Amino acid sequence: MMARKPIEPGLWILFSVGGVVAAMFVPVLLFLFGFAYPLGWLPSPSHTHLVALVGHPLVRILLFIVCTLCLLHAAHRFRYTLYDGLQLQHLQELIVLFCYGVALVGSLAAGVVLWQFG
Amino acid sequence: MTSERNRYTEFRPRWYRPRMSTWWWLKRWSSVAFILRELSSIFIAWFIYFFLRLVHALGRGDAAYREFLAWTASPGILALNGITFAFVLFHAVTWFNLAPQAMVVHLGGRRLPGAFVAGANYVAWVLATAFVLWIVGR
Amino acid sequence: MVDRITIEVARYRPEKEAEPSFQAYEVPCRKDWVILDGLNHIKDFLDGTLSFRWSCRMGVCGSCGMTVNGEPKLTCATFLADYAPGPVRIEPLRNFPVIRDVIVDIGDFMQKLSAVKPWIIRDEEKPLAEGEYRQTPEQLDEYKQFSMCINCMLCYSACPVYGLDPEFIGPAAIALAQRYNLDSRDQGARQRREILSKHVGIWSCTFVGECTKVCPKHVDPAGAIQRYKLSSALEWVKDFVMPWHGQ
């Protein structure tokens with residue numbers, strides 16, 4: 001008799017890798033595009049350069065992976081916050097659907113945006 | 001699963017079971033910090049949305065990119081991103097500081113002290129930051 | 001003239017009342033006294049009806065855990081004078097049902113503890129003639145920290161996940177499972193895996209970390225849990241990629 005294959009370890013792996021990716025790359029990216037370039041603390045790179053950078057297929061694949069991992073990390077963490085914070089364990093199925101669902105929709109959107117780039 | 005079924009008799013009187021309040025986490029600083037750490041997830045999600053708007057604007061041309069930067073500089077978005085930045089930093093720092101507890105590293109048969117594991121994470125963070133600064137800024 | 005301090009103890013007498021209440025007692029505050037000494041003074045001289053658990057009075061039996069001014073503590077290892085001028089508030093350990101006064105039911109923990117099979121499991125015992133199982137100091141260090149657990153349940157009291165979901169297997173049980181999983185003499189990791197990998201096993205834990213903070217023996221149950229999450233996740237990947245392994 002085969003026990004149902006657990007999915008929780010897989011979700012935790014995605015959460016962990018996403019957490020590392022978010023911790024490593026989000027601060028600097030937010031600093032640059034949220035403050036440094038808009039407020040002129042640093043000269044913004046030319047539009048041409050940025051387009052060439054993001055346009056590169058490898059970069060777009062990497063950005064897609066980064067976005068997906070960060071969204072899945074956030075979804076997993078938020079799901080457990082709803083359990084711990086609002087004590088909503090009884091709505092488990094709904095919460096799981098909502099959290100990972102939004103993350104997957106976001107990943108899809110990321111894929112579309114990056115695919116259509118340029 | 002509790003140890004016994006609830007049959008309260010004269011010689012087996014009622015146990016007291018207080019319910020945990022929804023605001024349990026407000027009672028101490030460490031749990032407030034914990035909930036804030038968990039809520040950083042919302043701000044990570046916001047950043048991804050922000051980043052995708054950036055990529056989309058880049059793709060639509062120089063004027064759209066300038067417009068995006070102007071939108072980012074507006075006071076509302078600046079404030080939101082300021083809060084986001086604080087939460088993102090909080091996520092990063094708590095993540096790296098907790099890494100040694102999750103990952104025990106053995107080198108040459110001996111266990112590496114926790115500070116090394118955390119330190120290695122911070123070094124990687126600096127390198128990742130430097131890499132992004134270089135590749136975006138040149 | 002010895003200083004005095006007020007101890008407010010939670011009283012719960014189910015035969016008389018539906019809810020707990022507090023009763024204040026004034027006890028001497030000697031500088032070498034611990035909270036337990038104060039409670040024993042109350043029981044010996046002031047109010048013999050006060051009920052509480054204690055045993056070794058030296059921090060190895062795990063019996064005297066209570067909530068002291070909101071924090072889970074071993075009352076035999078917490079000095080009364082540290083709370084001067086007081087008052088000191090003594091309540092039962094949080095997250096457990098209260099039987100009477102500051103005595104809580106620990107049956108749930110005992111059941112979870114035996115569920116993780118906290119003993120050396122061997123596929124086959126070595127015959128006596130082959131001598132003892134030998135272990136290097138490094139192999140001992142792998143699990144020694146987790147073997148320090150005295151089952152005092154302060155970690156369960158501090159864990160918000162356990163408070164919110166009593167099905168959660170809890171910090172000490174997982175730490176003790178790890179104590180055996182990481183013991184080089186043990187071969188039972190696979191047997192423990194089933195109960196630990198359930199959703200109310202390790203996956204309910206959100207690494208709050210309070211358990212490690214309150215542990216009087218520095219066991220670091222939070223670390224034990226995260227390490228098990230990692231090894232369990234890697235096992236899961238192996239099962240996925242190589243389903244035939246381990247069969």
# chains A, B, ... in the order shown; residues from 1 in each chain; ligands from 1
>>> interface_residues(of="chain B", to="chain A", cutoff="7 Å", atoms="only C-alpha atoms", output="list of chain:residue names")
B:Thr22, B:Glu38, B:Leu39, B:Ser41, B:Ile42, B:Ile44, B:Ala45, B:Ile48, B:Leu52, B:His56, B:Leu58, B:Gly59, B:Asp62, B:Leu69, B:Ala70, B:Thr72, B:Ala73, B:Asn81, B:Phe85, B:Val88, B:Leu89, B:His91, B:Ala92, B:Trp125, B:Ala128, B:Thr129, B:Gly137
>>> interface_residues(of="chain C", to="chain B", cutoff="10 Å", atoms="only C-alpha atoms", output="PDB file with N, CA and C atoms, in the first residue's frame")
ATOM      1  N   TYR C  12      -6.657  27.165  41.633  1.00  0.00           N
ATOM      2  CA  TYR C  12      -7.806  26.632  40.890  1.00  0.00           C
ATOM      3  C   TYR C  12      -8.260  25.378  41.612  1.00  0.00           C
ATOM      4  N   ARG C  13      -9.418  25.464  42.235  1.00  0.00           N
ATOM      5  CA  ARG C  13      -9.973  24.319  42.958  1.00  0.00           C
ATOM      6  C   ARG C  13     -11.268  23.939  42.241  1.00  0.00           C
ATOM      7  N   PRO C  14     -11.189  22.972  41.324  1.00  0.00           N
ATOM      8  CA  PRO C  14     -12.343  22.669  40.478  1.00  0.00           C
ATOM      9  C   PRO C  14     -13.580  22.280  41.257  1.00  0.00           C
ATOM     10  N   GLU C  15     -13.395  21.744  42.484  1.00  0.00           N
ATOM     11  CA  GLU C  15     -14.574  21.360  43.252  1.00  0.00           C
ATOM     12  C   GLU C  15     -15.304  22.586  43.804  1.00  0.00           C
ATOM     13  N   GLU C  17     -14.677  26.100  42.273  1.00  0.00           N
ATOM     14  CA  GLU C  17     -14.786  27.239  41.353  1.00  0.00           C
ATOM     15  C   GLU C  17     -14.624  26.802  39.901  1.00  0.00           C
ATOM     16  N   ALA C  18     -15.143  27.654  39.013  1.00  0.00           N
ATOM     17  CA  ALA C  18     -15.077  27.344  37.575  1.00  0.00           C
ATOM     18  C   ALA C  18     -13.858  27.974  36.923  1.00  0.00           C
ATOM     19  N   GLU C  19     -13.306  29.014  37.564  1.00  0.00           N
ATOM     20  CA  GLU C  19     -12.188  29.759  36.973  1.00  0.00           C
ATOM     21  C   GLU C  19     -11.088  29.908  38.010  1.00  0.00           C
ATOM     22  N   PRO C  20      -9.862  30.023  37.548  1.00  0.00           N
ATOM     23  CA  PRO C  20      -8.781  30.258  38.503  1.00  0.00           C
ATOM     24  C   PRO C  20      -8.839  31.668  39.072  1.00  0.00           C
ATOM     25  N   GLY C  70       4.891  35.693  33.752  1.00  0.00           N
ATOM     26  CA  GLY C  70       4.655  35.564  32.318  1.00  0.00           C
ATOM     27  C   GLY C  70       5.639  34.712  31.558  1.00  0.00           C
ATOM     28  N   ARG C  94       1.715  27.539  30.613  1.00  0.00           N
ATOM     29  CA  ARG C  94       0.730  27.836  29.581  1.00  0.00           C
ATOM     30  C   ARG C  94       0.602  26.672  28.605  1.00  0.00           C
ATOM     31  N   ASN C  95      -0.493  26.660  27.897  1.00  0.00           N
ATOM     32  CA  ASN C  95      -0.763  25.697  26.823  1.00  0.00           C
ATOM     33  C   ASN C  95      -1.078  24.293  27.303  1.00  0.00           C
ATOM     34  N   PHE C  96      -1.225  24.113  28.622  1.00  0.00           N
ATOM     35  CA  PHE C  96      -1.629  22.802  29.128  1.00  0.00           C
ATOM     36  C   PHE C  96      -2.902  22.948  29.937  1.00  0.00           C
ATOM     37  N   PRO C  97      -3.752  21.904  29.975  1.00  0.00           N
ATOM     38  CA  PRO C  97      -4.940  22.002  30.824  1.00  0.00           C
ATOM     39  C   PRO C  97      -4.535  21.991  32.291  1.00  0.00           C
ATOM     40  N   VAL C  98      -5.235  22.796  33.096  1.00  0.00           N
ATOM     41  CA  VAL C  98      -4.884  22.902  34.513  1.00  0.00           C
ATOM     42  C   VAL C  98      -5.745  21.947  35.315  1.00  0.00           C
ATOM     43  N   ILE C  99      -5.081  21.118  36.109  1.00  0.00           N
ATOM     44  CA  ILE C  99      -5.811  20.162  36.941  1.00  0.00           C
ATOM     45  C   ILE C  99      -6.214  20.820  38.246  1.00  0.00           C
ATOM     46  N   ARG C 100      -5.231  21.491  38.874  1.00  0.00           N
ATOM     47  CA  ARG C 100      -5.465  22.110  40.167  1.00  0.00           C
ATOM     48  C   ARG C 100      -4.347  23.099  40.444  1.00  0.00           C
ATOM     49  N   ASP C 101      -4.677  24.278  40.957  1.00  0.00           N
ATOM     50  CA  ASP C 101      -3.665  25.299  41.283  1.00  0.00           C
ATOM     51  C   ASP C 101      -2.678  25.439  40.131  1.00  0.00           C
ATOM     52  N   VAL C 104      -0.452  21.009  35.967  1.00  0.00           N
ATOM     53  CA  VAL C 104      -1.034  20.831  34.633  1.00  0.00           C
ATOM     54  C   VAL C 104      -0.974  19.369  34.225  1.00  0.00           C
ATOM     55  N   ASP C 105      -1.816  19.019  33.277  1.00  0.00           N
ATOM     56  CA  ASP C 105      -1.811  17.654  32.760  1.00  0.00           C
ATOM     57  C   ASP C 105      -0.736  17.532  31.687  1.00  0.00           C
ATOM     58  N   ILE C 106       0.131  16.568  31.850  1.00  0.00           N
ATOM     59  CA  ILE C 106       1.224  16.397  30.883  1.00  0.00           C
ATOM     60  C   ILE C 106       1.042  15.157  30.027  1.00  0.00           C
ATOM     61  N   GLY C 107      -0.131  14.558  30.098  1.00  0.00           N
ATOM     62  CA  GLY C 107      -0.378  13.324  29.358  1.00  0.00           C
ATOM     63  C   GLY C 107      -0.148  13.457  27.868  1.00  0.00           C
ATOM     64  N   ASP C 108      -0.523  14.605  27.298  1.00  0.00           N
ATOM     65  CA  ASP C 108      -0.356  14.814  25.867  1.00  0.00           C
ATOM     66  C   ASP C 108       1.115  14.701  25.481  1.00  0.00           C
ATOM     67  N   PHE C 109       1.967  15.347  26.264  1.00  0.00           N
ATOM     68  CA  PHE C 109       3.393  15.284  25.954  1.00  0.00           C
ATOM     69  C   PHE C 109       3.915  13.859  26.091  1.00  0.00           C
ATOM     70  N   MET C 110       3.486  13.163  27.161  1.00  0.00           N
ATOM     71  CA  MET C 110       3.992  11.803  27.371  1.00  0.00           C
ATOM     72  C   MET C 110       3.625  10.910  26.194  1.00  0.00           C
ATOM     73  N   GLN C 111       2.417  11.115  25.664  1.00  0.00           N
ATOM     74  CA  GLN C 111       1.990  10.304  24.526  1.00  0.00           C
ATOM     75  C   GLN C 111       2.824  10.631  23.284  1.00  0.00           C
ATOM     76  N   LYS C 112       3.108  11.920  23.082  1.00  0.00           N
ATOM     77  CA  LYS C 112       3.891  12.310  21.911  1.00  0.00           C
ATOM     78  C   LYS C 112       5.327  11.822  22.034  1.00  0.00           C
ATOM     79  N   GLU C 138      33.535  12.855  18.585  1.00  0.00           N
ATOM     80  CA  GLU C 138      32.833  13.613  17.553  1.00  0.00           C
ATOM     81  C   GLU C 138      31.435  13.058  17.333  1.00  0.00           C
ATOM     82  N   GLN C 139      31.322  11.723  17.345  1.00  0.00           N
ATOM     83  CA  GLN C 139      30.002  11.116  17.150  1.00  0.00           C
ATOM     84  C   GLN C 139      29.086  11.445  18.323  1.00  0.00           C
ATOM     85  N   ASP C 141      29.290  14.198  20.105  1.00  0.00           N
ATOM     86  CA  ASP C 141      28.936  15.611  19.983  1.00  0.00           C
ATOM     87  C   ASP C 141      27.771  15.841  19.038  1.00  0.00           C
ATOM     88  N   GLU C 142      27.599  14.933  18.087  1.00  0.00           N
ATOM     89  CA  GLU C 142      26.520  15.093  17.122  1.00  0.00           C
ATOM     90  C   GLU C 142      25.157  15.175  17.780  1.00  0.00           C
ATOM     91  N   PRO C 160       4.033  29.084  20.506  1.00  0.00           N
ATOM     92  CA  PRO C 160       2.701  29.545  20.130  1.00  0.00           C
ATOM     93  C   PRO C 160       1.995  28.561  19.198  1.00  0.00           C
ATOM     94  N   GLY C 163       0.366  26.095  21.320  1.00  0.00           N
ATOM     95  CA  GLY C 163      -0.776  26.728  21.968  1.00  0.00           C
ATOM     96  C   GLY C 163      -1.975  26.816  21.038  1.00  0.00           C
ATOM     97  N   LEU C 164      -1.686  27.096  19.747  1.00  0.00           N
ATOM     98  CA  LEU C 164      -2.766  27.252  18.784  1.00  0.00           C
ATOM     99  C   LEU C 164      -3.261  25.906  18.267  1.00  0.00           C
ATOM    100  N   ASP C 165      -2.405  24.903  18.233  1.00  0.00           N
ATOM    101  CA  ASP C 165      -2.758  23.598  17.681  1.00  0.00           C
ATOM    102  C   ASP C 165      -2.185  22.495  18.544  1.00  0.00           C
ATOM    103  N   PRO C 166      -2.963  21.995  19.512  1.00  0.00           N
ATOM    104  CA  PRO C 166      -2.423  20.989  20.435  1.00  0.00           C
ATOM    105  C   PRO C 166      -2.045  19.671  19.757  1.00  0.00           C
ATOM    106  N   GLU C 167      -2.370  19.544  18.462  1.00  0.00           N
ATOM    107  CA  GLU C 167      -1.953  18.321  17.771  1.00  0.00           C
ATOM    108  C   GLU C 167      -0.474  18.353  17.401  1.00  0.00           C
ATOM    109  N   PHE C 168       0.098  19.575  17.379  1.00  0.00           N
ATOM    110  CA  PHE C 168       1.504  19.717  17.004  1.00  0.00           C
ATOM    111  C   PHE C 168       2.371  18.870  17.916  1.00  0.00           C
ATOM    112  N   ILE C 169       3.291  18.124  17.327  1.00  0.00           N
ATOM    113  CA  ILE C 169       4.050  17.169  18.123  1.00  0.00           C
ATOM    114  C   ILE C 169       4.981  17.867  19.109  1.00  0.00           C
ATOM    115  N   THR C 206       6.924  27.035  12.671  1.00  0.00           N
ATOM    116  CA  THR C 206       7.270  28.196  11.857  1.00  0.00           C
ATOM    117  C   THR C 206       8.516  28.904  12.386  1.00  0.00           C
ATOM    118  N   PHE C 207       9.325  28.156  13.135  1.00  0.00           N
ATOM    119  CA  PHE C 207      10.614  28.674  13.596  1.00  0.00           C
ATOM    120  C   PHE C 207      10.453  29.991  14.345  1.00  0.00           C
ATOM    121  N   VAL C 208       9.526  29.996  15.283  1.00  0.00           N
ATOM    122  CA  VAL C 208       9.385  31.170  16.136  1.00  0.00           C
ATOM    123  C   VAL C 208      10.634  31.311  16.993  1.00  0.00           C
ATOM    124  N   GLY C 209      11.116  30.162  17.506  1.00  0.00           N
ATOM    125  CA  GLY C 209      12.370  30.167  18.251  1.00  0.00           C
ATOM    126  C   GLY C 209      12.213  30.362  19.743  1.00  0.00           C
ATOM    127  N   GLU C 210      10.966  30.518  20.225  1.00  0.00           N
ATOM    128  CA  GLU C 210      10.793  30.745  21.662  1.00  0.00           C
ATOM    129  C   GLU C 210      11.225  29.523  22.471  1.00  0.00           C
ATOM    130  N   ASP C 220      18.300  23.653  22.443  1.00  0.00           N
ATOM    131  CA  ASP C 220      18.049  24.222  21.122  1.00  0.00           C
ATOM    132  C   ASP C 220      17.102  23.354  20.293  1.00  0.00           C
ATOM    133  N   PRO C 221      15.877  23.154  20.794  1.00  0.00           N
ATOM    134  CA  PRO C 221      14.925  22.359  20.009  1.00  0.00           C
ATOM    135  C   PRO C 221      14.585  22.986  18.659  1.00  0.00           C
ATOM    136  N   ALA C 222      14.593  24.312  18.580  1.00  0.00           N
ATOM    137  CA  ALA C 222      14.312  24.959  17.292  1.00  0.00           C
ATOM    138  C   ALA C 222      15.342  24.524  16.258  1.00  0.00           C
ATOM    139  N   GLY C 223      16.583  24.454  16.655  1.00  0.00           N
ATOM    140  CA  GLY C 223      17.638  23.996  15.758  1.00  0.00           C
ATOM    141  C   GLY C 223      17.414  22.555  15.344  1.00  0.00           C
ATOM    142  N   ALA C 224      17.012  21.719  16.307  1.00  0.00           N
ATOM    143  CA  ALA C 224      16.737  20.307  16.000  1.00  0.00           C
ATOM    144  C   ALA C 224      15.648  20.205  14.947  1.00  0.00           C
ATOM    145  N   ILE C 225      14.597  21.020  15.097  1.00  0.00           N
ATOM    146  CA  ILE C 225      13.480  20.957  14.164  1.00  0.00           C
ATOM    147  C   ILE C 225      13.909  21.416  12.780  1.00  0.00           C
ATOM    148  N   GLN C 226      14.615  22.551  12.695  1.00  0.00           N
ATOM    149  CA  GLN C 226      15.015  23.051  11.366  1.00  0.00           C
ATOM    150  C   GLN C 226      15.944  22.067  10.685  1.00  0.00           C
ATOM    151  N   ARG C 227      16.854  21.474  11.439  1.00  0.00           N
ATOM    152  CA  ARG C 227      17.766  20.497  10.841  1.00  0.00           C
ATOM    153  C   ARG C 227      16.986  19.302  10.323  1.00  0.00           C
ATOM    154  N   TYR C 228      15.963  18.908  11.076  1.00  0.00           N
ATOM    155  CA  TYR C 228      15.178  17.758  10.604  1.00  0.00           C
ATOM    156  C   TYR C 228      14.379  18.124   9.368  1.00  0.00           C
ATOM    157  N   LYS C 229      13.889  19.383   9.318  1.00  0.00           N
ATOM    158  CA  LYS C 229      13.167  19.827   8.119  1.00  0.00           C
ATOM    159  C   LYS C 229      14.077  19.686   6.910  1.00  0.00           C
ATOM    160  N   LEU C 230      15.314  20.139   7.063  1.00  0.00           N
ATOM    161  CA  LEU C 230      16.252  20.088   5.946  1.00  0.00           C
ATOM    162  C   LEU C 230      16.517  18.643   5.535  1.00  0.00           C
ATOM    163  N   SER C 231      16.824  17.778   6.516  1.00  0.00           N
ATOM    164  CA  SER C 231      17.143  16.391   6.149  1.00  0.00           C
ATOM    165  C   SER C 231      15.910  15.694   5.612  1.00  0.00           C
TER     166      SER C 231
END
>>> interface_residues(of="chain C", to="chain A", cutoff="7 Å", atoms="only C-alpha atoms", output="ChimeraX atom specification")
/C:161,164,233,236
>>> select_by_dssp(residues="segment 61-123 of chain B", states="strand (DSSP E or B)", output="number ranges by chain")
B: 106-107, 110-111
>>> closest_residue(among="C:Gly38, C:Pro87, C:Pro243, C:Gly65", to="Thr6 of chain C", atoms="only C-alpha atoms")
C:Pro87
>>> atom_distance(atom1="atom CA of Cys64 of chain C", atom2="atom CA of Ile7 of chain C")
16.0 Å
>>> closest_residue(among="C:Asp123, C:Asp186, C:Glu8, C:Glu71", to="Tyr143 of chain C", atoms="only C-alpha atoms")
C:Asp186
>>> closest_residue(among="C:Val102, C:Leu74, C:Cys29, C:Leu196", to="Ala175 of chain C", atoms="only C-alpha atoms")
C:Leu196
>>> select_by_dssp(residues="chain B", states="alpha helix (DSSP H)", output="JSON list (two decimals) with C-alpha atoms, in the first residue's frame")
[["chain", "number", "residue", "atom", "x", "y", "z"],
["B", 29, "TRP", "CA", 8.34, 41.89, 22.06],
["B", 30, "SER", "CA", 9.81, 38.66, 20.71],
["B", 31, "SER", "CA", 6.48, 37.51, 19.33],
["B", 32, "VAL", "CA", 5.76, 40.95, 17.84],
["B", 33, "ALA", "CA", 9.11, 40.67, 16.09],
["B", 34, "PHE", "CA", 8.19, 37.16, 14.94],
["B", 35, "ILE", "CA", 4.88, 38.27, 13.41],
["B", 36, "LEU", "CA", 6.57, 41.24, 11.74],
["B", 37, "ARG", "CA", 9.18, 38.88, 10.32],
["B", 38, "GLU", "CA", 6.42, 36.70, 8.89],
["B", 39, "LEU", "CA", 4.57, 39.73, 7.50],
["B", 40, "SER", "CA", 7.68, 40.70, 5.55],
["B", 41, "SER", "CA", 6.37, 38.14, 3.07],
["B", 42, "ILE", "CA", 3.68, 40.63, 1.96],
["B", 43, "PHE", "CA", 6.33, 43.20, 1.18],
["B", 44, "ILE", "CA", 8.41, 40.72, -0.79],
["B", 45, "ALA", "CA", 5.31, 40.06, -2.88],
["B", 46, "TRP", "CA", 4.78, 43.82, -3.35],
["B", 47, "PHE", "CA", 8.37, 44.19, -4.53],
["B", 48, "ILE", "CA", 7.90, 41.49, -7.16],
["B", 49, "TYR", "CA", 4.83, 43.32, -8.44],
["B", 50, "PHE", "CA", 6.82, 46.58, -8.45],
["B", 51, "PHE", "CA", 9.70, 44.88, -10.26],
["B", 52, "LEU", "CA", 7.42, 43.46, -12.93],
["B", 53, "ARG", "CA", 5.98, 46.93, -13.51],
["B", 54, "LEU", "CA", 9.54, 48.14, -13.95],
["B", 55, "VAL", "CA", 10.33, 45.44, -16.51],
["B", 56, "HIS", "CA", 7.07, 46.13, -18.33],
["B", 57, "ALA", "CA", 7.85, 49.87, -18.47],
["B", 58, "LEU", "CA", 11.38, 49.17, -19.72],
["B", 59, "GLY", "CA", 9.95, 47.10, -22.52],
["B", 62, "ASP", "CA", 12.49, 55.16, -22.77],
["B", 63, "ALA", "CA", 9.53, 57.49, -22.13],
["B", 64, "ALA", "CA", 7.65, 54.74, -20.27],
["B", 65, "TYR", "CA", 10.78, 54.03, -18.20],
["B", 66, "ARG", "CA", 11.10, 57.72, -17.24],
["B", 67, "GLU", "CA", 7.43, 57.75, -16.33],
["B", 68, "PHE", "CA", 7.96, 54.72, -14.16],
["B", 69, "LEU", "CA", 10.86, 56.37, -12.32],
["B", 70, "ALA", "CA", 8.72, 59.47, -11.75],
["B", 71, "TRP", "CA", 5.91, 57.29, -10.36],
["B", 72, "THR", "CA", 8.40, 55.58, -8.08],
["B", 73, "ALA", "CA", 9.55, 58.97, -6.80],
["B", 75, "PRO", "CA", 5.56, 60.39, -2.13],
["B", 76, "GLY", "CA", 3.05, 57.52, -1.74],
["B", 77, "ILE", "CA", 5.21, 54.97, -3.54],
["B", 78, "LEU", "CA", 8.35, 56.27, -1.83],
["B", 79, "ALA", "CA", 6.75, 55.77, 1.57],
["B", 80, "LEU", "CA", 5.54, 52.27, 0.65],
["B", 81, "ASN", "CA", 8.95, 51.32, -0.69],
["B", 82, "GLY", "CA", 10.58, 52.76, 2.40],
["B", 83, "ILE", "CA", 8.51, 50.49, 4.58],
["B", 84, "THR", "CA", 9.16, 47.63, 2.17],
["B", 85, "PHE", "CA", 12.90, 48.22, 2.34],
["B", 86, "ALA", "CA", 12.82, 48.06, 6.14],
["B", 87, "PHE", "CA", 10.89, 44.79, 6.05],
["B", 88, "VAL", "CA", 13.11, 43.30, 3.34],
["B", 89, "LEU", "CA", 16.21, 44.11, 5.38],
["B", 90, "PHE", "CA", 14.56, 42.62, 8.45],
["B", 91, "HIS", "CA", 13.83, 39.46, 6.47],
["B", 92, "ALA", "CA", 17.41, 39.22, 5.23],
["B", 93, "VAL", "CA", 19.03, 39.79, 8.62],
["B", 94, "THR", "CA", 16.75, 37.41, 10.53],
["B", 95, "TRP", "CA", 17.19, 34.81, 7.76],
["B", 96, "PHE", "CA", 20.99, 34.89, 7.83],
["B", 97, "ASN", "CA", 21.10, 34.92, 11.63],
["B", 98, "LEU", "CA", 18.87, 31.86, 11.84],
["B", 99, "ALA", "CA", 20.69, 29.93, 9.10],
["B", 100, "PRO", "CA", 23.23, 28.32, 11.51],
["B", 101, "GLN", "CA", 20.42, 26.68, 13.46],
["B", 102, "ALA", "CA", 19.05, 25.06, 10.33],
["B", 114, "GLY", "CA", 27.36, 29.01, 14.02],
["B", 115, "ALA", "CA", 28.98, 32.40, 13.47],
["B", 116, "PHE", "CA", 30.84, 31.01, 10.47],
["B", 117, "VAL", "CA", 27.66, 29.86, 8.78],
["B", 118, "ALA", "CA", 25.96, 33.19, 9.42],
["B", 119, "GLY", "CA", 29.12, 35.02, 8.35],
["B", 120, "ALA", "CA", 29.31, 33.07, 5.11],
["B", 121, "ASN", "CA", 25.72, 34.10, 4.35],
["B", 122, "TYR", "CA", 26.55, 37.75, 4.94],
["B", 123, "VAL", "CA", 29.61, 37.52, 2.69],
["B", 124, "ALA", "CA", 27.45, 35.96, -0.02],
["B", 125, "TRP", "CA", 25.01, 38.84, 0.45],
["B", 126, "VAL", "CA", 27.74, 41.41, -0.06],
["B", 127, "LEU", "CA", 28.96, 39.59, -3.17],
["B", 128, "ALA", "CA", 25.43, 39.30, -4.58],
["B", 129, "THR", "CA", 24.84, 42.99, -3.95],
["B", 130, "ALA", "CA", 28.14, 43.94, -5.55],
["B", 131, "PHE", "CA", 27.36, 41.77, -8.56],
["B", 132, "VAL", "CA", 23.97, 43.39, -9.11],
["B", 133, "LEU", "CA", 25.42, 46.89, -8.67],
["B", 134, "TRP", "CA", 28.09, 46.10, -11.25],
["B", 135, "ILE", "CA", 25.89, 44.42, -13.82],
["B", 136, "VAL", "CA", 23.12, 47.01, -13.66],
["B", 137, "GLY", "CA", 25.21, 50.11, -13.24]]
>>> residues_around(residues="Ser147 of chain C", least_positions_apart="6", cutoff="12 Å", atoms="only C-alpha atoms", output="PyMOL selection string")
chain C and resi 118-119+140-141+172-183+217-221+224
>>> atom_distance(atom1="atom CA of Cys61 of chain C", atom2="atom CA of Asn151 of chain C")
7.7 Å
>>> closest_residue(among="C:Ser63, C:Thr78, C:Thr136, C:Gln187", to="Glu124 of chain C", atoms="only C-alpha atoms")
C:Gln187
